[in-house]
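J.: Take a look at the following structure, please.
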Amino acid sequence: MTYNHNEKIGRNLILKARQTDLVHYLREKHPKSIQYASHPDAPDKFCWRGTKHDSITFFTSEIGGIGVSKYFRWSNRESDDGITYLMKYEGYSFSNAVK
């Protein structure tokens with residue numbers, strides 16, 4: 001995702017935020033928003049899922065040799081990084097999501 005925000009936040013900080021383990025962060029800061037449950041597409045497998053939107057699953061994707069925390073919302077095929085998840089589903093501002 002390309003971020004167009006007026007706030008001055010360096011690329012390195014954004015990259016570091018994208019690499020932060022989203023599941024670990026959510027378990028620590030928003031424990032009621034995440035659960036370990038059966039996968040929406042394969043009920044015999046388990047994964048970390050959102051509680052408000054149970055079609056959301058969390059995963060890490062390697063992009064250019066760097067692990068990036070991401071989410072996927074199965075109900076509408078939406079996928080993006082942890083910064084976008086925090087902004088869209090937890091109500092963070094861009095700068096707070098990066099921090």
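If you're wondering about the labels, chains in the structure tokens are A, B, ... by order shown, residues count from 1 in each chain, ligands from 1 in order shown.
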Among chain A, which residues carry a DSSP assignment of strand (DSSP E), reported as an NGL selection string?
T.: :A and (34-38 or 46-50 or 56-63 or 66-73 or 78-81)
J.: Those residues with C-alpha atoms, as an mmCIF file, in the first residue's frame please?
T.:
data_model
loop_
_atom_site.group_PDB
_atom_site.id
_atom_site.type_symbol
_atom_site.label_atom_id
_atom_site.label_comp_id
_atom_site.auth_asym_id
_atom_site.auth_seq_id
_atom_site.Cartn_x
_atom_site.Cartn_y
_atom_site.Cartn_z
ATOM 1 C CA ILE A 34 -8.167 -11.780 18.000
ATOM 2 C CA GLN A 35 -8.737 -15.494 18.562
ATOM 3 C CA TYR A 36 -7.159 -18.804 17.597
ATOM 4 C CA ALA A 37 -9.922 -20.598 15.709
ATOM 5 C CA SER A 38 -10.671 -22.778 12.707
ATOM 6 C CA PHE A 46 -6.562 -23.437 12.864
ATOM 7 C CA CYS A 47 -5.198 -19.897 12.559
ATOM 8 C CA TRP A 48 -5.364 -16.465 14.170
ATOM 9 C CA ARG A 49 -8.617 -14.717 13.263
ATOM 10 C CA GLY A 50 -10.372 -11.476 14.055
ATOM 11 C CA ILE A 56 -10.171 -12.005 8.791
ATOM 12 C CA THR A 57 -7.057 -14.148 9.129
ATOM 13 C CA PHE A 58 -3.522 -12.983 9.900
ATOM 14 C CA PHE A 59 -0.303 -14.156 8.267
ATOM 15 C CA THR A 60 3.246 -13.145 7.378
ATOM 16 C CA SER A 61 4.219 -12.709 3.750
ATOM 17 C CA GLU A 62 7.768 -12.434 2.461
ATOM 18 C CA ILE A 63 8.220 -9.404 0.225
ATOM 19 C CA ILE A 66 11.472 -9.218 4.311
ATOM 20 C CA GLY A 67 8.633 -10.688 6.388
ATOM 21 C CA VAL A 68 5.598 -8.404 6.418
ATOM 22 C CA SER A 69 2.634 -8.922 8.772
ATOM 23 C CA LYS A 70 -0.590 -8.956 6.796
ATOM 24 C CA TYR A 71 -4.273 -9.750 7.077
ATOM 25 C CA PHE A 72 -6.773 -11.220 4.644
ATOM 26 C CA ARG A 73 -10.538 -10.716 4.862
ATOM 27 C CA GLU A 78 -9.319 -7.660 1.024
ATOM 28 C CA SER A 79 -5.680 -7.942 2.046
ATOM 29 C CA ASP A 80 -3.131 -5.454 3.311
ATOM 30 C CA ASP A 81 -0.468 -4.880 5.961
#
J.: Here is a test: counting only C-alpha atoms, which residue of A:Lys8, A:Thr84, A:Glu90, A:Asn76 is nearest to A:Lys32?
T.: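 Closest candidate: A:Glu90.
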J.: Kindly give the distance, in Å, that separates atom CA of A:Tyr92 and atom CA of A:Asp41, rounded to a single decimal.
T.: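 Calculated distance between atom CA of A:Tyr92 and atom CA of A:Asp41 is 28.6 Å.
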J.: Looking at only C-alpha atoms, which of A:Ser55, A:Phe94, A:Lys16, A:Arg11 is the one that sits closest to A:Ala42?
T.: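 Looking at the shortest contact to A:Ala42, the residue is A:Ser55.
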J.: Which residue out of A:Lys99, A:His30, A:Lys45, A:His53 has the minimum interatomic distance to A:Trp74 when only C-alpha atoms are used?
T.: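 Among the listed residues, A:His53 lies closest to A:Trp74.
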J.: Please list as a list in words every residue within 7 Å of A:Val98, counting only C-alpha atoms and excluding residues in the same chain fewer than 5 positions away.
T.: Ile14, Ala17 and Ile83 of chain A
J.: Next, dump the selected residues to file, keeping only N, CA, C and O atoms, as a short mmCIF file (atom, residue, chain, number, x, y, z; two decimals), in the first residue's frame.
T.:
data_model
loop_
_atom_site.label_atom_id
_atom_site.label_comp_id
_atom_site.auth_asym_id
_atom_site.auth_seq_id
_atom_site.Cartn_x
_atom_site.Cartn_y
_atom_site.Cartn_z
N ILE A 14 8.28 3.18 8.87
CA ILE A 14 7.14 2.51 8.22
C ILE A 14 7.50 1.06 7.92
O ILE A 14 6.71 0.15 8.18
N ALA A 17 7.48 -0.93 11.08
CA ALA A 17 6.10 -1.17 11.52
C ALA A 17 5.46 -2.28 10.70
O ALA A 17 4.72 -3.11 11.24
N ILE A 83 -0.34 -2.01 9.31
CA ILE A 83 -0.65 -0.59 9.48
C ILE A 83 -2.08 -0.32 9.03
O ILE A 83 -2.86 0.32 9.74
#
J.: Please return, as a PDB file with N, CA and C atoms, in the first residue's frame, all residues of chain A that DSSP assigns to alpha helix (DSSP H) on the basis of the backbone.
T.:
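Generated output (selection-v3.pdb):
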ATOM      1  N   ARG A  11      10.603   6.470   6.092  1.00  0.00           N
ATOM      2  CA  ARG A  11      10.407   5.173   5.425  1.00  0.00           C
ATOM      3  C   ARG A  11      10.878   4.018   6.289  1.00  0.00           C
ATOM      4  N   ASN A  12      12.000   4.206   7.009  1.00  0.00           N
ATOM      5  CA  ASN A  12      12.521   3.128   7.847  1.00  0.00           C
ATOM      6  C   ASN A  12      11.549   2.771   8.966  1.00  0.00           C
ATOM      7  N   LEU A  13      10.914   3.772   9.552  1.00  0.00           N
ATOM      8  CA  LEU A  13       9.942   3.510  10.614  1.00  0.00           C
ATOM      9  C   LEU A  13       8.715   2.801  10.051  1.00  0.00           C
ATOM     10  N   ILE A  14       8.284   3.179   8.869  1.00  0.00           N
ATOM     11  CA  ILE A  14       7.142   2.513   8.223  1.00  0.00           C
ATOM     12  C   ILE A  14       7.501   1.062   7.917  1.00  0.00           C
ATOM     13  N   LEU A  15       8.694   0.829   7.393  1.00  0.00           N
ATOM     14  CA  LEU A  15       9.134  -0.532   7.094  1.00  0.00           C
ATOM     15  C   LEU A  15       9.196  -1.368   8.362  1.00  0.00           C
ATOM     16  N   LYS A  16       9.730  -0.809   9.424  1.00  0.00           N
ATOM     17  CA  LYS A  16       9.799  -1.533  10.702  1.00  0.00           C
ATOM     18  C   LYS A  16       8.395  -1.865  11.211  1.00  0.00           C
ATOM     19  N   ALA A  17       7.480  -0.927  11.081  1.00  0.00           N
ATOM     20  CA  ALA A  17       6.099  -1.169  11.518  1.00  0.00           C
ATOM     21  C   ALA A  17       5.455  -2.282  10.703  1.00  0.00           C
ATOM     22  N   ARG A  18       5.722  -2.319   9.416  1.00  0.00           N
ATOM     23  CA  ARG A  18       5.164  -3.369   8.555  1.00  0.00           C
ATOM     24  C   ARG A  18       5.708  -4.742   8.929  1.00  0.00           C
ATOM     25  N   GLN A  19       6.916  -4.794   9.497  1.00  0.00           N
ATOM     26  CA  GLN A  19       7.539  -6.055   9.877  1.00  0.00           C
ATOM     27  C   GLN A  19       7.129  -6.513  11.273  1.00  0.00           C
ATOM     28  N   LEU A  22       1.996  -8.611  13.795  1.00  0.00           N
ATOM     29  CA  LEU A  22       0.656  -8.088  14.068  1.00  0.00           C
ATOM     30  C   LEU A  22      -0.096  -8.951  15.071  1.00  0.00           C
ATOM     31  N   VAL A  23       0.008 -10.261  14.957  1.00  0.00           N
ATOM     32  CA  VAL A  23      -0.680 -11.164  15.899  1.00  0.00           C
ATOM     33  C   VAL A  23      -0.182 -10.912  17.317  1.00  0.00           C
ATOM     34  N   HIS A  24       1.122 -10.849  17.493  1.00  0.00           N
ATOM     35  CA  HIS A  24       1.690 -10.596  18.816  1.00  0.00           C
ATOM     36  C   HIS A  24       1.205  -9.247  19.356  1.00  0.00           C
ATOM     37  N   TYR A  25       1.222  -8.205  18.508  1.00  0.00           N
ATOM     38  CA  TYR A  25       0.777  -6.881  18.917  1.00  0.00           C
ATOM     39  C   TYR A  25      -0.695  -6.903  19.340  1.00  0.00           C
ATOM     40  N   LEU A  26      -1.538  -7.523  18.531  1.00  0.00           N
ATOM     41  CA  LEU A  26      -2.965  -7.574  18.855  1.00  0.00           C
ATOM     42  C   LEU A  26      -3.224  -8.377  20.129  1.00  0.00           C
ATOM     43  N   ARG A  27      -2.511  -9.472  20.308  1.00  0.00           N
ATOM     44  CA  ARG A  27      -2.689 -10.271  21.529  1.00  0.00           C
ATOM     45  C   ARG A  27      -2.320  -9.465  22.764  1.00  0.00           C
ATOM     46  N   GLU A  28      -1.331  -8.582  22.636  1.00  0.00           N
ATOM     47  CA  GLU A  28      -0.897  -7.768  23.768  1.00  0.00           C
ATOM     48  C   GLU A  28      -1.791  -6.550  23.989  1.00  0.00           C
ATOM     49  N   LYS A  29      -2.117  -5.823  22.925  1.00  0.00           N
ATOM     50  CA  LYS A  29      -2.832  -4.546  23.045  1.00  0.00           C
ATOM     51  C   LYS A  29      -4.347  -4.647  22.859  1.00  0.00           C
ATOM     52  N   GLY A  82      -0.248  -4.660   8.362  1.00  0.00           N
ATOM     53  CA  GLY A  82      -0.699  -4.379   9.723  1.00  0.00           C
ATOM     54  C   GLY A  82      -1.042  -2.925   9.978  1.00  0.00           C
ATOM     55  N   ILE A  83      -0.343  -2.012   9.308  1.00  0.00           N
ATOM     56  CA  ILE A  83      -0.647  -0.586   9.475  1.00  0.00           C
ATOM     57  C   ILE A  83      -2.081  -0.315   9.029  1.00  0.00           C
ATOM     58  N   THR A  84      -2.426  -0.817   7.863  1.00  0.00           N
ATOM     59  CA  THR A  84      -3.777  -0.614   7.337  1.00  0.00           C
ATOM     60  C   THR A  84      -4.810  -1.289   8.228  1.00  0.00           C
ATOM     61  N   TYR A  85      -4.506  -2.494   8.723  1.00  0.00           N
ATOM     62  CA  TYR A  85      -5.441  -3.183   9.625  1.00  0.00           C
ATOM     63  C   TYR A  85      -5.720  -2.321  10.851  1.00  0.00           C
ATOM     64  N   LEU A  86      -4.668  -1.803  11.484  1.00  0.00           N
ATOM     65  CA  LEU A  86      -4.864  -0.993  12.690  1.00  0.00           C
ATOM     66  C   LEU A  86      -5.679   0.260  12.403  1.00  0.00           C
ATOM     67  N   MET A  87      -5.461   0.871  11.249  1.00  0.00           N
ATOM     68  CA  MET A  87      -6.220   2.065  10.890  1.00  0.00           C
ATOM     69  C   MET A  87      -7.680   1.725  10.599  1.00  0.00           C
ATOM     70  N   LYS A  88      -7.901   0.701   9.809  1.00  0.00           N
ATOM     71  CA  LYS A  88      -9.244   0.382   9.340  1.00  0.00           C
ATOM     72  C   LYS A  88     -10.111  -0.320  10.394  1.00  0.00           C
ATOM     73  N   TYR A  89      -9.509  -1.239  11.150  1.00  0.00           N
ATOM     74  CA  TYR A  89     -10.309  -2.070  12.058  1.00  0.00           C
ATOM     75  C   TYR A  89     -10.143  -1.738  13.541  1.00  0.00           C
ATOM     76  N   GLU A  90      -9.091  -1.023  13.893  1.00  0.00           N
ATOM     77  CA  GLU A  90      -8.898  -0.656  15.301  1.00  0.00           C
ATOM     78  C   GLU A  90      -8.978   0.848  15.519  1.00  0.00           C
ATOM     79  N   PHE A  94      -2.805   7.120  11.148  1.00  0.00           N
ATOM     80  CA  PHE A  94      -1.643   6.585  10.466  1.00  0.00           C
ATOM     81  C   PHE A  94      -0.408   6.623  11.373  1.00  0.00           C
ATOM     82  N   SER A  95      -0.152   7.772  11.999  1.00  0.00           N
ATOM     83  CA  SER A  95       1.055   7.899  12.831  1.00  0.00           C
ATOM     84  C   SER A  95       1.010   6.952  14.018  1.00  0.00           C
ATOM     85  N   ASN A  96      -0.133   6.753  14.651  1.00  0.00           N
ATOM     86  CA  ASN A  96      -0.225   5.820  15.770  1.00  0.00           C
ATOM     87  C   ASN A  96      -0.080   4.376  15.324  1.00  0.00           C
ATOM     88  N   ALA A  97      -0.579   4.051  14.147  1.00  0.00           N
ATOM     89  CA  ALA A  97      -0.429   2.684  13.631  1.00  0.00           C
ATOM     90  C   ALA A  97       1.035   2.387  13.351  1.00  0.00           C
ATOM     91  N   VAL A  98       1.776   3.357  12.870  1.00  0.00           N
ATOM     92  CA  VAL A  98       3.198   3.154  12.593  1.00  0.00           C
ATOM     93  C   VAL A  98       3.982   3.059  13.901  1.00  0.00           C
TER      94      VAL A  98
END
J.: Could you check the closest approach to A:Thr51 for each of A:Gly91, A:Gly10, A:Gly65, A:Pro31 and tell me which residue wins, using only C-alpha atoms?
T.: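 Selected residue with least distance to A:Thr51: A:Pro31.
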